[in-house]
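Okay, data-v1.csv now, which holds CSV, C-alpha atoms:
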chain,number,residue,atom,x,y,z
A,1,MET,CA,89.2,124.6,84.2
A,2,GLY,CA,92.7,123.2,84.4
A,3,LYS,CA,91.5,120.1,86.4
A,4,LEU,CA,88.8,119.5,83.9
A,5,PHE,CA,91.2,119.6,81.1
A,6,LEU,CA,93.6,117.1,82.8
A,7,VAL,CA,90.7,114.7,83.5
A,8,ALA,CA,89.4,114.9,79.9
A,9,SER,CA,93.0,114.3,78.6
A,10,PHE,CA,93.4,111.3,80.8
A,11,ILE,CA,90.1,109.8,79.6
A,12,SER,CA,91.1,110.4,76.0
A,13,LEU,CA,94.4,108.6,76.6
A,14,LEU,CA,92.7,105.6,78.1
A,15,MET,CA,90.3,105.4,75.1
A,16,ALA,CA,93.2,105.6,72.7
A,17,ASP,CA,95.0,102.8,74.5
A,18,CYS,CA,91.9,100.5,74.1
A,19,GLU,CA,91.2,101.2,70.4
A,20,PRO,CA,92.6,98.9,67.7
A,21,ASN,CA,96.0,99.7,66.4
A,22,ILE,CA,95.4,100.8,62.8
A,23,GLU,CA,98.4,102.4,61.0
A,24,ASN,CA,98.0,104.8,58.1
A,25,ASP,CA,94.5,103.8,57.3
A,26,LYS,CA,95.7,100.5,55.7
A,27,ARG,CA,93.0,98.4,54.2
A,28,VAL,CA,92.9,94.6,53.4
A,29,ILE,CA,90.6,92.5,51.4
A,30,ILE,CA,88.9,89.4,52.9
A,31,LYS,CA,87.2,87.0,50.5
A,32,GLY,CA,86.0,83.5,50.3
A,33,GLU,CA,83.1,81.1,49.7
A,34,ILE,CA,80.9,79.5,52.3
A,35,VAL,CA,79.4,76.1,51.6
A,36,ALA,CA,77.6,73.2,53.3
A,37,PRO,CA,79.2,69.7,53.5
A,38,GLN,CA,77.8,68.8,50.0
A,39,ALA,CA,79.4,71.9,48.6
A,40,ASN,CA,76.0,73.7,48.4
A,41,PRO,CA,76.5,77.4,48.8
A,42,ILE,CA,75.1,79.1,52.0
A,43,GLN,CA,73.5,82.5,51.6
A,44,ALA,CA,73.3,85.4,54.2
A,45,ILE,CA,76.1,84.1,56.5
A,46,GLU,CA,77.7,87.0,58.4
A,47,VAL,CA,81.4,87.6,58.2
A,48,THR,CA,83.2,90.1,60.4
A,49,THR,CA,86.7,91.3,61.2
A,50,SER,CA,87.4,92.6,64.7
A,51,VAL,CA,89.9,93.4,67.4
A,52,GLU,CA,88.5,92.6,70.9
A,53,GLU,CA,85.0,94.3,70.9
A,54,TYR,CA,85.7,96.6,68.0
A,55,VAL,CA,84.2,95.5,64.7
A,56,LEU,CA,86.4,96.6,61.8
A,57,GLY,CA,84.3,95.2,58.9
A,58,LYS,CA,81.2,93.3,58.2
A,59,THR,CA,79.5,91.6,55.2
A,60,THR,CA,77.3,88.6,54.4
A,61,SER,CA,77.6,85.8,51.8
A,62,ASN,CA,75.8,86.1,48.5
A,63,SER,CA,73.4,83.6,47.0
A,64,ASP,CA,76.4,81.6,45.6
A,65,GLY,CA,78.1,81.6,49.0
A,66,SER,CA,80.8,84.0,48.0
A,67,PHE,CA,81.8,87.1,50.0
A,68,GLU,CA,84.3,89.9,49.7
A,69,MET,CA,84.9,93.0,51.8
A,70,VAL,CA,87.4,95.7,52.3
A,71,ALA,CA,88.2,96.4,56.0
A,72,PRO,CA,90.8,98.3,58.1
A,73,GLU,CA,93.9,96.2,58.9
A,74,SER,CA,95.0,96.1,62.6
A,75,TYR,CA,98.4,94.9,63.9
A,76,ASP,CA,96.9,93.8,67.2
A,77,GLN,CA,97.4,90.1,68.0
A,78,SER,CA,93.7,89.7,68.6
A,79,PHE,CA,92.8,90.4,65.0
A,80,LEU,CA,90.0,88.0,64.2
A,81,ILE,CA,88.0,87.0,61.1
A,82,ALA,CA,84.7,85.5,62.4
A,83,ILE,CA,82.2,83.6,60.3
A,84,ASN,CA,78.7,83.0,61.5
A,85,VAL,CA,79.7,83.5,65.2
A,86,ASP,CA,76.7,85.7,66.3
A,87,ALA,CA,74.2,84.9,63.6
A,88,GLU,CA,71.1,83.0,64.6
A,89,ASN,CA,71.0,80.4,61.9
A,90,ASN,CA,71.5,76.6,61.8
A,91,TYR,CA,75.2,76.2,60.9
A,92,THR,CA,78.5,76.0,62.7
A,93,SER,CA,80.8,78.9,63.1
A,94,ALA,CA,84.5,79.6,62.3
A,95,LYS,CA,87.1,81.8,63.9
A,96,ILE,CA,90.2,82.6,61.9
A,97,PHE,CA,93.3,84.0,63.6
A,98,ARG,CA,96.3,85.4,61.8
A,99,ASP,CA,99.5,83.5,62.1
A,100,GLU,CA,101.7,85.9,64.1
A,101,ASP,CA,104.9,84.1,62.9
A,102,GLN,CA,104.3,85.4,59.4
A,103,ILE,CA,106.8,87.9,58.0
A,104,GLY,CA,104.7,91.0,57.0
A,105,ARG,CA,101.0,91.0,56.6
A,106,PRO,CA,98.9,89.9,53.6
A,107,LYS,CA,97.0,92.5,51.6
A,108,ILE,CA,94.4,89.9,50.7
A,109,TYR,CA,93.0,87.2,53.0
A,110,ASP,CA,91.7,84.6,50.5
A,111,LEU,CA,90.0,82.1,52.8
A,112,GLY,CA,89.1,79.8,49.9
A,113,VAL,CA,86.2,77.5,50.6
A,114,VAL,CA,84.9,77.5,54.2
A,115,THR,CA,82.6,74.6,55.0
A,116,LEU,CA,80.0,75.0,57.7
A,117,ARG,CA,78.0,72.1,59.0
A,118,PRO,CA,74.3,72.1,59.9
A,119,THR,CA,73.4,72.3,63.6
A,120,SER,CA,70.4,71.2,65.6
A,121,ASN,CA,68.6,72.7,68.6
A,122,PHE,CA,68.7,69.7,70.9
A,123,THR,CA,66.4,69.5,74.0
A,124,LEU,CA,66.7,66.8,76.5
A,125,THR,CA,63.8,66.4,79.0
A,126,THR,CA,64.0,64.1,82.1
A,127,THR,CA,60.6,63.3,83.7
A,128,ARG,CA,59.9,61.3,86.8
A,129,ASN,CA,57.0,59.0,86.3
A,130,SER,CA,57.1,57.2,89.6
A,131,THR,CA,56.5,57.9,93.2
A,132,THR,CA,60.0,57.1,94.2
A,133,SER,CA,62.2,59.8,95.6
A,134,GLY,CA,65.2,58.9,93.5
A,135,HIS,CA,67.4,61.5,91.8
A,136,VAL,CA,68.9,61.2,88.4
A,137,ASN,CA,72.2,62.5,87.1
A,138,VAL,CA,72.5,63.2,83.4
A,139,GLN,CA,75.6,63.8,81.3
A,140,ILE,CA,75.6,64.6,77.6
A,141,ASN,CA,78.8,64.2,75.6
A,142,TYR,CA,78.6,66.2,72.3
A,143,LEU,CA,80.8,68.1,69.8
A,144,SER,CA,81.1,71.9,69.9
A,145,THR,CA,79.8,73.8,67.0
A,146,SER,CA,82.8,76.0,66.3
A,147,CYS,CA,86.1,75.5,64.5
A,148,VAL,CA,89.3,77.6,64.9
A,149,TYR,CA,91.7,78.2,62.0
A,150,ASP,CA,95.0,80.0,61.6
A,151,PHE,CA,95.6,82.0,58.4
A,152,ASN,CA,99.0,81.4,56.8
A,153,ASN,CA,98.7,81.5,53.0
A,154,GLY,CA,95.2,80.0,53.4
A,155,LEU,CA,93.3,78.3,56.2
A,156,GLN,CA,95.1,76.0,58.5
A,157,GLU,CA,92.7,74.0,60.7
A,158,ASP,CA,93.7,73.8,64.4
A,159,PRO,CA,92.8,70.2,65.3
A,160,SER,CA,92.8,70.9,69.0
A,161,HIS,CA,90.1,73.6,68.6
A,162,CYS,CA,87.9,72.3,65.9
A,163,TYR,CA,84.5,70.8,66.9
A,164,GLU,CA,85.9,69.9,70.3
A,165,GLN,CA,84.4,67.2,72.6
A,166,ASN,CA,82.3,68.8,75.3
A,167,TYR,CA,80.0,67.6,78.0
A,168,ILE,CA,77.3,69.0,80.3
A,169,SER,CA,76.1,67.4,83.5
A,170,ARG,CA,73.1,68.0,85.7
A,171,THR,CA,71.4,66.4,88.7
A,172,THR,CA,67.8,66.6,89.9
A,173,ASN,CA,67.0,67.7,93.4
A,174,GLU,CA,64.1,67.9,95.9
A,175,ILE,CA,62.9,71.1,94.5
A,176,ASN,CA,63.1,70.2,90.8
A,177,SER,CA,62.6,66.5,90.0
A,178,ASN,CA,62.7,67.1,86.2
A,179,LEU,CA,65.5,68.5,84.0
A,180,ASP,CA,65.4,70.4,80.7
A,181,LEU,CA,68.7,70.7,78.9
A,182,GLN,CA,68.9,72.8,75.7
A,183,LEU,CA,72.0,72.7,73.5
A,184,LYS,CA,73.1,73.6,70.0
A,185,VAL,CA,74.8,70.5,68.6
A,186,MET,CA,76.0,69.1,65.3
A,187,ARG,CA,73.2,67.8,63.2
A,188,ASP,CA,73.4,64.1,62.1
A,189,ILE,CA,76.3,63.5,64.4
A,190,PRO,CA,75.6,61.1,67.3
A,191,LEU,CA,75.9,62.3,70.9
A,192,GLN,CA,75.9,60.2,74.1
A,193,ILE,CA,73.6,60.5,77.0
A,194,THR,CA,74.6,58.8,80.3
A,195,TYR,CA,72.1,58.8,83.1
A,196,GLN,CA,72.1,57.2,86.6
A,197,ILE,CA,69.3,56.9,89.1
A,198,ASP,CA,70.6,57.1,92.7
A,199,GLU,CA,73.2,54.4,93.0
A,200,GLU,CA,71.9,52.2,90.2
A,201,PRO,CA,74.3,51.3,87.3
A,202,ALA,CA,74.6,54.1,84.8
A,203,THR,CA,72.9,53.7,81.4
A,204,THR,CA,74.4,55.2,78.2
A,205,ILE,CA,72.4,55.7,75.0
A,206,GLU,CA,73.4,57.2,71.7
A,207,VAL,CA,71.1,59.7,70.1
A,208,THR,CA,71.5,61.4,66.6
A,209,PRO,CA,69.7,64.7,66.3
A,210,ASN,CA,68.6,64.7,62.6
A,211,GLN,CA,66.3,67.7,62.6
A,212,GLN,CA,66.6,71.4,63.1
A,213,ASN,CA,64.7,71.1,66.4
A,214,PHE,CA,65.2,67.7,68.0
A,215,GLU,CA,63.7,66.6,71.4
A,216,TYR,CA,64.5,63.6,73.4
A,217,GLU,CA,62.9,62.5,76.7
A,218,ILE,CA,64.0,60.2,79.5
A,219,PHE,CA,61.5,58.8,82.0
A,220,TYR,CA,62.6,57.5,85.4

Let me see the structure of the file written as C-alpha coordinates.
Amino acid sequence: MGKLFLVASFISLLMADCEPNIENDKRVIIKGEIVAPQANPIQAIEVTTSVEEYVLGKTTSNSDGSFEMVAPESYDQSFLIAINVDAENNYTSAKIFRDEDQIGRPKIYDLGVVTLRPTSNFTLTTTRNSTTSGHVNVQINYLSTSCVYDFNNGLQEDPSHCYEQNYISRTTNEINSNLDLQLKVMRDIPLQITYQIDEEPATTIEVTPNQQNFEYEIFY
(Lines of atoms letter the chains of each structure in order from A and count residues from 1; the text may use other names and numbers.)
(Lines give C-alpha, C1' and ligand atoms only; values in the text may rest on other atoms or scores of the structure.)
Protein backbone atom coordinates (compact mmCIF):
# COMPACT_ATOMS: atom_id res chain seq x y z
CA MET A 1 0.00 0.00 0.00
CA GLY A 2 2.87 2.35 0.83
CA LYS A 3 4.46 1.84 -2.62
CA LEU A 4 1.15 2.47 -4.35
CA PHE A 5 0.70 5.69 -2.41
CA LEU A 6 4.18 6.89 -3.39
CA VAL A 7 3.57 6.12 -7.08
CA ALA A 8 0.19 7.88 -7.05
CA SER A 9 1.72 10.91 -5.33
CA PHE A 10 4.54 11.06 -7.90
CA ILE A 11 2.09 10.92 -10.83
CA SER A 12 -0.03 13.66 -9.25
CA LEU A 13 3.08 15.82 -8.87
CA LEU A 14 4.00 15.34 -12.53
CA MET A 15 0.49 16.29 -13.63
CA ALA A 16 0.54 19.38 -11.43
CA ASP A 17 3.84 20.48 -12.97
CA CYS A 18 2.35 20.24 -16.48
CA GLU A 19 -0.88 22.11 -15.80
CA PRO A 20 -1.23 25.86 -16.47
CA ASN A 21 -0.16 28.21 -13.70
CA ILE A 22 -3.43 29.86 -12.64
CA GLU A 23 -3.31 31.87 -9.43
CA ASN A 24 -6.31 32.54 -7.20
CA ASP A 25 -8.78 31.73 -9.98
CA LYS A 26 -8.08 35.07 -11.65
CA ARG A 27 -10.19 35.81 -14.73
CA VAL A 28 -9.61 38.09 -17.71
CA ILE A 29 -11.83 39.40 -20.48
CA ILE A 30 -10.87 38.88 -24.13
CA LYS A 31 -12.86 40.83 -26.70
CA GLY A 32 -12.61 42.20 -30.19
CA GLU A 33 -14.09 42.23 -33.67
CA ILE A 34 -13.22 39.97 -36.63
CA VAL A 35 -13.62 41.37 -40.14
CA ALA A 36 -12.62 40.67 -43.73
CA PRO A 37 -10.36 43.12 -45.64
CA GLN A 38 -13.34 45.25 -46.73
CA ALA A 39 -14.39 45.56 -43.05
CA ASN A 40 -17.20 43.04 -43.55
CA PRO A 41 -17.86 41.17 -40.27
CA ILE A 42 -17.06 37.45 -40.19
CA GLN A 43 -19.36 35.18 -38.21
CA ALA A 44 -18.61 31.89 -36.41
CA ILE A 45 -14.84 32.33 -36.17
CA GLU A 46 -13.38 30.40 -33.22
CA VAL A 47 -11.36 32.26 -30.59
CA THR A 48 -9.48 30.36 -27.87
CA THR A 49 -7.07 31.05 -25.05
CA SER A 50 -4.62 28.32 -24.11
CA VAL A 51 -1.37 27.32 -22.47
CA GLU A 52 0.40 24.57 -24.39
CA GLU A 53 -2.30 21.93 -25.02
CA TYR A 54 -4.62 23.23 -22.29
CA VAL A 55 -7.57 25.26 -23.57
CA LEU A 56 -8.57 27.88 -20.99
CA GLY A 57 -11.45 29.52 -22.85
CA LYS A 58 -13.33 29.30 -26.14
CA THR A 59 -15.94 31.34 -27.99
CA THR A 60 -17.02 32.24 -31.54
CA SER A 61 -17.67 35.55 -33.25
CA ASN A 62 -21.23 36.85 -33.57
CA SER A 63 -23.05 37.90 -36.75
CA ASP A 64 -21.50 41.38 -36.45
CA GLY A 65 -18.01 39.90 -36.04
CA SER A 66 -17.76 40.78 -32.36
CA PHE A 67 -16.73 38.38 -29.61
CA GLU A 68 -16.18 38.53 -25.86
CA MET A 69 -15.36 35.87 -23.30
CA VAL A 70 -14.19 35.47 -19.73
CA ALA A 71 -11.33 33.01 -19.29
CA PRO A 72 -8.82 32.01 -16.60
CA GLU A 73 -5.60 34.00 -16.61
CA SER A 74 -2.30 32.13 -16.65
CA TYR A 75 1.15 33.46 -15.89
CA ASP A 76 2.83 30.96 -18.17
CA GLN A 77 4.90 32.50 -20.94
CA SER A 78 3.12 30.30 -23.50
CA PHE A 79 -0.24 32.01 -22.84
CA LEU A 80 -1.81 32.31 -26.30
CA ILE A 81 -4.93 33.86 -27.81
CA ALA A 82 -5.68 32.05 -31.07
CA ILE A 83 -8.15 33.14 -33.73
CA ASN A 84 -9.32 30.66 -36.34
CA VAL A 85 -6.28 28.40 -35.90
CA ASP A 86 -8.09 25.06 -35.98
CA ALA A 87 -11.34 26.03 -37.69
CA GLU A 88 -12.04 24.61 -41.13
CA ASN A 89 -13.14 27.74 -42.91
CA ASN A 90 -11.64 29.87 -45.62
CA TYR A 91 -9.87 32.65 -43.74
CA THR A 92 -6.39 33.21 -42.39
CA SER A 93 -5.54 32.77 -38.71
CA ALA A 94 -3.99 34.90 -35.99
CA LYS A 95 -1.88 34.04 -32.96
CA ILE A 96 -1.56 36.65 -30.21
CA PHE A 97 1.17 36.36 -27.58
CA ARG A 98 1.40 38.46 -24.47
CA ASP A 99 4.30 40.90 -24.30
CA GLU A 100 6.30 39.47 -21.41
CA ASP A 101 8.04 42.82 -20.87
CA GLN A 102 4.81 44.36 -19.63
CA ILE A 103 4.62 45.38 -15.98
CA GLY A 104 1.66 43.53 -14.54
CA ARG A 105 -1.06 41.83 -16.51
CA PRO A 106 -4.10 43.43 -18.15
CA LYS A 107 -7.55 42.53 -16.87
CA ILE A 108 -9.02 43.16 -20.32
CA TYR A 109 -7.46 42.05 -23.58
CA ASP A 110 -9.17 44.38 -26.05
CA LEU A 111 -7.90 43.17 -29.41
CA GLY A 112 -9.80 45.80 -31.36
CA VAL A 113 -10.40 44.95 -35.01
CA VAL A 114 -8.69 41.79 -36.26
CA THR A 115 -8.65 41.46 -40.04
CA LEU A 116 -8.61 37.98 -41.57
CA ARG A 117 -7.98 37.47 -45.26
CA PRO A 118 -9.77 34.89 -47.44
CA THR A 119 -7.85 31.77 -48.38
CA SER A 120 -7.97 29.32 -51.26
CA ASN A 121 -7.53 25.55 -51.40
CA PHE A 122 -4.93 25.41 -54.16
CA THR A 123 -4.18 22.20 -56.06
CA LEU A 124 -1.32 21.88 -58.55
CA THR A 125 -1.26 18.84 -60.82
CA THR A 126 1.67 17.92 -63.08
CA THR A 127 0.89 15.41 -65.81
CA ARG A 128 3.30 13.80 -68.25
CA ASN A 129 1.74 13.79 -71.72
CA SER A 130 4.71 12.46 -73.67
CA THR A 131 6.64 9.20 -73.92
CA THR A 132 9.88 10.75 -72.74
CA SER A 133 11.40 9.59 -69.45
CA GLY A 134 12.12 13.11 -68.25
CA HIS A 135 11.49 14.14 -64.67
CA VAL A 136 10.10 17.45 -63.51
CA ASN A 137 11.00 19.43 -60.42
CA VAL A 138 8.33 21.85 -59.20
CA GLN A 139 8.65 24.60 -56.60
CA ILE A 140 5.80 26.81 -55.38
CA ASN A 141 6.54 30.10 -53.61
CA TYR A 142 3.55 31.33 -51.61
CA LEU A 143 2.55 33.27 -48.49
CA SER A 144 1.64 31.53 -45.25
CA THR A 145 -1.91 31.94 -43.98
CA SER A 146 -1.12 32.93 -40.38
CA CYS A 147 -0.08 36.16 -38.69
CA VAL A 148 1.56 36.54 -35.28
CA TYR A 149 0.93 39.50 -32.97
CA ASP A 150 2.16 40.67 -29.58
CA PHE A 151 -0.33 42.21 -27.18
CA ASN A 152 0.87 45.40 -25.50
CA ASN A 153 -2.01 47.83 -24.99
CA GLY A 154 -3.42 46.45 -28.23
CA LEU A 155 -2.21 44.32 -31.10
CA GLN A 156 1.35 44.81 -32.33
CA GLU A 157 1.99 42.96 -35.58
CA ASP A 158 5.24 41.02 -35.80
CA PRO A 159 6.44 41.70 -39.37
CA SER A 160 8.79 38.72 -39.35
CA HIS A 161 5.98 36.28 -38.53
CA CYS A 162 3.04 37.61 -40.48
CA TYR A 163 2.10 35.93 -43.76
CA GLU A 164 5.67 34.74 -44.23
CA GLN A 165 7.10 33.68 -47.59
CA ASN A 166 7.12 29.88 -47.84
CA TYR A 167 7.95 27.37 -50.53
CA ILE A 168 7.40 23.70 -51.25
CA SER A 169 9.42 21.63 -53.73
CA ARG A 170 8.77 18.19 -55.23
CA THR A 171 10.30 16.03 -58.00
CA THR A 172 8.76 13.19 -60.01
CA ASN A 173 10.43 9.79 -60.08
CA GLU A 174 10.28 6.44 -61.90
CA ILE A 175 7.39 5.23 -59.77
CA ASN A 176 5.31 8.39 -59.86
CA SER A 177 5.62 10.48 -63.02
CA ASN A 178 2.80 12.83 -61.91
CA LEU A 179 2.59 15.16 -58.92
CA ASP A 180 -0.36 16.50 -56.95
CA LEU A 181 0.38 19.31 -54.51
CA GLN A 182 -2.35 20.72 -52.26
CA LEU A 183 -1.88 23.91 -50.26
CA LYS A 184 -3.95 26.45 -48.39
CA VAL A 185 -2.85 29.83 -49.75
CA MET A 186 -3.95 33.46 -49.70
CA ARG A 187 -6.79 34.10 -52.10
CA ASP A 188 -6.28 36.81 -54.77
CA ILE A 189 -2.56 36.96 -53.94
CA PRO A 190 -0.21 35.79 -56.76
CA LEU A 191 2.05 32.81 -56.16
CA GLN A 192 4.98 31.66 -58.27
CA ILE A 193 5.41 28.21 -59.76
CA THR A 194 8.85 27.26 -61.06
CA TYR A 195 9.31 23.96 -62.88
CA GLN A 196 12.25 22.36 -64.64
CA ILE A 197 12.27 19.27 -66.86
CA ASP A 198 15.56 17.38 -66.50
CA GLU A 199 18.38 19.81 -67.32
CA GLU A 200 16.29 22.18 -69.42
CA PRO A 201 16.03 25.86 -68.39
CA ALA A 202 13.57 26.45 -65.57
CA THR A 203 10.24 28.13 -66.30
CA THR A 204 8.51 30.42 -63.80
CA ILE A 205 4.85 31.33 -64.04
CA GLU A 206 2.63 33.46 -61.81
CA VAL A 207 -0.77 32.16 -60.78
CA THR A 208 -3.47 33.96 -58.77
CA PRO A 209 -5.91 31.65 -56.96
CA ASN A 210 -9.14 33.63 -57.08
CA GLN A 211 -11.65 31.01 -55.94
CA GLN A 212 -12.25 28.99 -52.79
CA ASN A 213 -11.05 25.85 -54.61
CA PHE A 214 -8.52 26.59 -57.34
CA GLU A 215 -6.80 24.02 -59.56
CA TYR A 216 -3.87 24.47 -61.93
CA GLU A 217 -2.27 21.84 -64.17
CA ILE A 218 1.13 21.61 -65.82
CA PHE A 219 1.71 19.23 -68.76
CA TYR A 220 5.23 18.13 -69.61

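Across the structure, CA of Gln43 in chain A and CA of Phe67 in chain A are spaced 9.6 Å apart.
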
Between CA of Val55 in chain A and CA of Ile29 in chain A lies a distance of 15.1 Å

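One finds CA of Leu116 in chain A at 17.1 Å from CA of Phe151 in chain A.
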
Find, counting all atoms listed in the file, the residue in A:Asn137, A:Gln38, A:Ser50, A:Asn62 that gets nearest to Lys95 in chain A.
A:Ser50

Have a look at A:Ile108, A:Ile140, A:Ile218, A:Ala94 and name the one nearest to Asp158 in chain A; count all atoms listed in the file.
A:Ala94
